Amino acid sequence: MASYKYVGDRGILVEFSAEISREVNEKVRGLDYTLQKEELQGVEEIIPTYRSLLIFFDPLSTDRKEIMSEVKSRAESIENMTFPDPRIVEIPVKYGGEYGPDLEFVASYNNLKEDEVIDIHTGGEYRVYMLGFTPGFPYLGGMSEKIATPRLDSPREKIARGSVGIAGDQTGIYPLSSPGGWRLIGRTPLDLFSADREEPFLLQVGDILHFVSITEDRYREIRERVNSENFTVKIM
Amino acid sequence: MNAAKILKPGPLTTVQDSGRRGYQRFGMPEAGAMDKFSFRTANLLVGNCAGTAVLEFTLEGPDLIVQKDSIIAITGGDFSPCLNSCQIPMWQSIYVSAGSRLEIGSVNRGLRGYIAFKGGIDVEEKMGSRSTYLKGEMGGFKGRKLQKGDLLKLGKKAYRDEYIEARLPGSYIPKYTGHADTGVILGPQEDHFTESGVETFLRGEYTVTSQADRMGYRLEGPKILHRDEDSSDIISDGIPPGAVQVPGHEKPIIMMADRQTTGGYPKIATVISVDLPHIAQLKPGETLSFNEVSLKRAQKLLEKREQILDEIREKKFKLKDDRFFRINVRDENFFVRVEEVEE
């Protein structure tokens, strides 16, 4: 059962169960999809997260109780609704070397060879549970514990954008260059965020990511094509 | 030139509009004007559409040359703006002729001010908004605060006959006393705090620390106790404007315009919409207290506020008693205000 709360005078929080799981996040994606498609009058914006949605409404053009009951009725029937399957997005990554300076550490910390870390990392299926922290940053679930590695003791001052890292049992991608303490194992030539693109953000909640290992030459080639807006990301 | 040239930028002057909408789901902060009442009033006074880009300045306003005829309005904290060395009033529309020098000066009461130009500030729209998002270095003027020498393109030229004198009556001008009585709706995670923790929050007085910016205000004051050790974290969820989050250090942080969109700290309460502008006007060292209000009351206050803005939009507040003249003496422009006074 979901719970419903007003948040301030212009928000509604819908919470499904208090756990992080694909099943719960799938409900979030479903309700988000339904609300976006129906464009309920007065709904301004929705922030879908691990197990909840924060729905902003305009209290001057709509009645909060009406919006609440509209949202409730859709959330209650979410199990019976059908919506499109999650997208599968292929993320090319150049692992190791200057692109992933901590690959060696992640390998030795887990008593593995570098290639084994790459195999495990590319072998997984990663769900985008939510986006937040910085523009376009995906919170991913599904990394194997075999390559879990603690964060750096002191964060790096600057991490290149596109860097793929590990922090504890999580993996993530930095959409912008920023400071950070994740162990960097590689870098993708894709832009997760580009303000000037028609669709500024590559990823959305519910996407399934597959990492694919590429060579340095391929990295450069894709990077050039991304820069000249001549690269199509594989999305199924 | 259809521009305003910045002679002195002030410590933090940025281009802002009503904020970047629709991208919070991707982790993009909303940004936009901190004090939405002053922002909207400024636009209404010059006859702009809602959400037109303005300048927001902090603590000290800019000095600039307006290079074309324009209509402006200055709102927000209590500044002492001068046009060609003559003091001009805030909270009303003013006709400015090409070549005029506008000096905003520093703030007395309050913290932030706004200048709206008729036609707005013409910077490129990024993702549907002209607001500057400082941390992301995007939007507004080159994604940054203004610097000396910047040339800001202004919207269309204003004509003298377009000038309809409008002002906000004194009784509606917000008073900044250095203390904000702030209405809040409890939750969404008030159950992460002990009963006495919630009581402390509602009874205590909190002081704005120096860690207060467009992202959020860290407050100093009585500690707000979490229910237990696990209660200082939640599964990350969305953060609305005005969310009061309380991390493990048990001191509240109010989340403002440039806040991150999601976070893992429990939120004890949310500031009601009509009281957010007042918080945006608090300086470090000033105080606030939180009062629980009902949703019904918050809605009433919001509707009342909207009515004032509607009245400005309908130009119900024309200047009647005061007259303004621009006179030219030896090629110098002077701005003269003639006030009708009772004997």
# chains A, B, ... in the order shown; residues from 1 in each chain; ligands from 1
>>> closest_atom_pairs(of="chain A", to="chain B", cutoff="6 Å", atoms="only C-alpha atoms", output="JSON lines")
{"residue": "A:Val7", "atom": "CA", "partner": "B:Pro188", "partner_atom": "CA", "distance": 5.9}
{"residue": "A:Gly8", "atom": "CA", "partner": "B:Thr270", "partner_atom": "CA", "distance": 4.9}
{"residue": "A:Glu45", "atom": "CA", "partner": "B:Gly22", "partner_atom": "CA", "distance": 5.6}
{"residue": "A:Ile47", "atom": "CA", "partner": "B:Arg25", "partner_atom": "CA", "distance": 4.5}
{"residue": "A:Thr49", "atom": "CA", "partner": "B:Asp237", "partner_atom": "CA", "distance": 5.5}
{"residue": "A:Leu54", "atom": "CA", "partner": "B:Gly238", "partner_atom": "CA", "distance": 5.6}
{"residue": "A:Leu131", "atom": "CA", "partner": "B:Phe26", "partner_atom": "CA", "distance": 5.1}
{"residue": "A:Gly132", "atom": "CA", "partner": "B:Gly27", "partner_atom": "CA", "distance": 3.9}
{"residue": "A:Thr134", "atom": "CA", "partner": "B:Gly27", "partner_atom": "CA", "distance": 5.7}
{"residue": "A:Pro135", "atom": "CA", "partner": "B:Gly27", "partner_atom": "CA", "distance": 4.3}
{"residue": "A:Gly136", "atom": "CA", "partner": "B:Phe26", "partner_atom": "CA", "distance": 5.3}
>>> write_last_selection(atoms="N, CA and C atoms", output="compact mmCIF listing (two decimals), in the first residue's frame")
# COMPACT_ATOMS: atom_id res chain seq x y z
N VAL A 7 3.11 17.95 0.89
CA VAL A 7 4.42 18.49 1.23
C VAL A 7 4.33 19.99 1.02
N GLY A 8 4.37 20.74 2.12
CA GLY A 8 4.15 22.18 2.00
C GLY A 8 2.78 22.43 1.39
N GLU A 45 5.23 19.50 -12.12
CA GLU A 45 6.50 18.81 -12.25
C GLU A 45 6.51 17.62 -11.30
N ILE A 47 9.14 14.66 -9.40
CA ILE A 47 10.49 14.11 -9.16
C ILE A 47 10.32 12.66 -8.71
N THR A 49 11.75 9.16 -7.46
CA THR A 49 12.98 8.71 -6.78
C THR A 49 12.86 7.21 -6.49
N LEU A 54 7.62 12.92 -5.81
CA LEU A 54 7.21 14.23 -5.30
C LEU A 54 6.53 14.95 -6.46
N LEU A 131 17.56 10.04 -10.66
CA LEU A 131 18.59 10.98 -11.07
C LEU A 131 18.59 12.12 -10.06
N GLY A 132 19.78 12.54 -9.66
CA GLY A 132 19.84 13.62 -8.66
C GLY A 132 21.28 13.90 -8.30
N THR A 134 23.70 15.78 -8.87
CA THR A 134 24.03 16.84 -9.83
C THR A 134 23.20 16.55 -11.09
N PRO A 135 23.08 17.53 -12.00
CA PRO A 135 22.25 17.31 -13.18
C PRO A 135 22.65 16.04 -13.94
N GLY A 136 21.72 15.11 -14.07
CA GLY A 136 21.94 13.92 -14.87
C GLY A 136 22.67 12.77 -14.18
>>> select_by_dssp(residues="segment 78-224 of chain B", states="helix (DSSP H, G or I)", output="VMD selection string")
chain B and resid 160 to 162 170 to 172 190 to 192 195 to 203
>>> write_last_selection(atoms="C-alpha atoms", output="PDB file, in the first residue's frame")
ATOM      1  CA  ARG B 160       7.441  57.405 -23.249  1.00  0.00           C
ATOM      2  CA  ASP B 161       3.740  56.930 -23.989  1.00  0.00           C
ATOM      3  CA  GLU B 162       3.973  53.322 -22.858  1.00  0.00           C
ATOM      4  CA  GLY B 170       3.288  51.302   1.094  1.00  0.00           C
ATOM      5  CA  SER B 171       1.044  49.041   3.110  1.00  0.00           C
ATOM      6  CA  TYR B 172       1.913  46.119   0.799  1.00  0.00           C
ATOM      7  CA  GLU B 190       8.390  14.770  10.977  1.00  0.00           C
ATOM      8  CA  ASP B 191       8.058  11.197  12.304  1.00  0.00           C
ATOM      9  CA  HIS B 192      11.861  10.915  12.142  1.00  0.00           C
ATOM     10  CA  GLU B 195       8.033  14.792  19.960  1.00  0.00           C
ATOM     11  CA  SER B 196      10.248  17.104  21.955  1.00  0.00           C
ATOM     12  CA  GLY B 197      12.432  17.529  18.859  1.00  0.00           C
ATOM     13  CA  VAL B 198       9.461  18.840  16.901  1.00  0.00           C
ATOM     14  CA  GLU B 199       8.526  21.059  19.853  1.00  0.00           C
ATOM     15  CA  THR B 200      12.069  22.454  20.031  1.00  0.00           C
ATOM     16  CA  PHE B 201      11.891  23.255  16.320  1.00  0.00           C
ATOM     17  CA  LEU B 202       8.595  25.110  16.721  1.00  0.00           C
ATOM     18  CA  ARG B 203       9.531  26.973  19.909  1.00  0.00           C
TER      19      ARG B 203
END
>>> atom_distance(atom1="atom CA of Arg218 of chain B", atom2="atom CA of Phe133 of chain A")
18.4 Å
>>> select_by_dssp(residues="segment 16-158 of chain A", states="strand (DSSP E)", output="ChimeraX atom specification")
/A:43-48,52-57,88-95,126-131,138-141,156-158
>>> atom_distance(atom1="atom CA of Leu53 of chain A", atom2="atom CA of Leu202 of chain A")
20.4 Å
>>> residues_around(residues="Glu70 of chain A", least_positions_apart="5", cutoff="10 Å", atoms="only C-alpha atoms", output="list of chain:residue names")
A:Leu35, A:Leu40, A:Arg64, A:Lys65, A:Ala75
>>> closest_residue(among="B:Ile254, B:Gln307, B:Val329, B:Tyr206", to="Leu60 of chain A", atoms="only C-alpha atoms")
B:Gln307
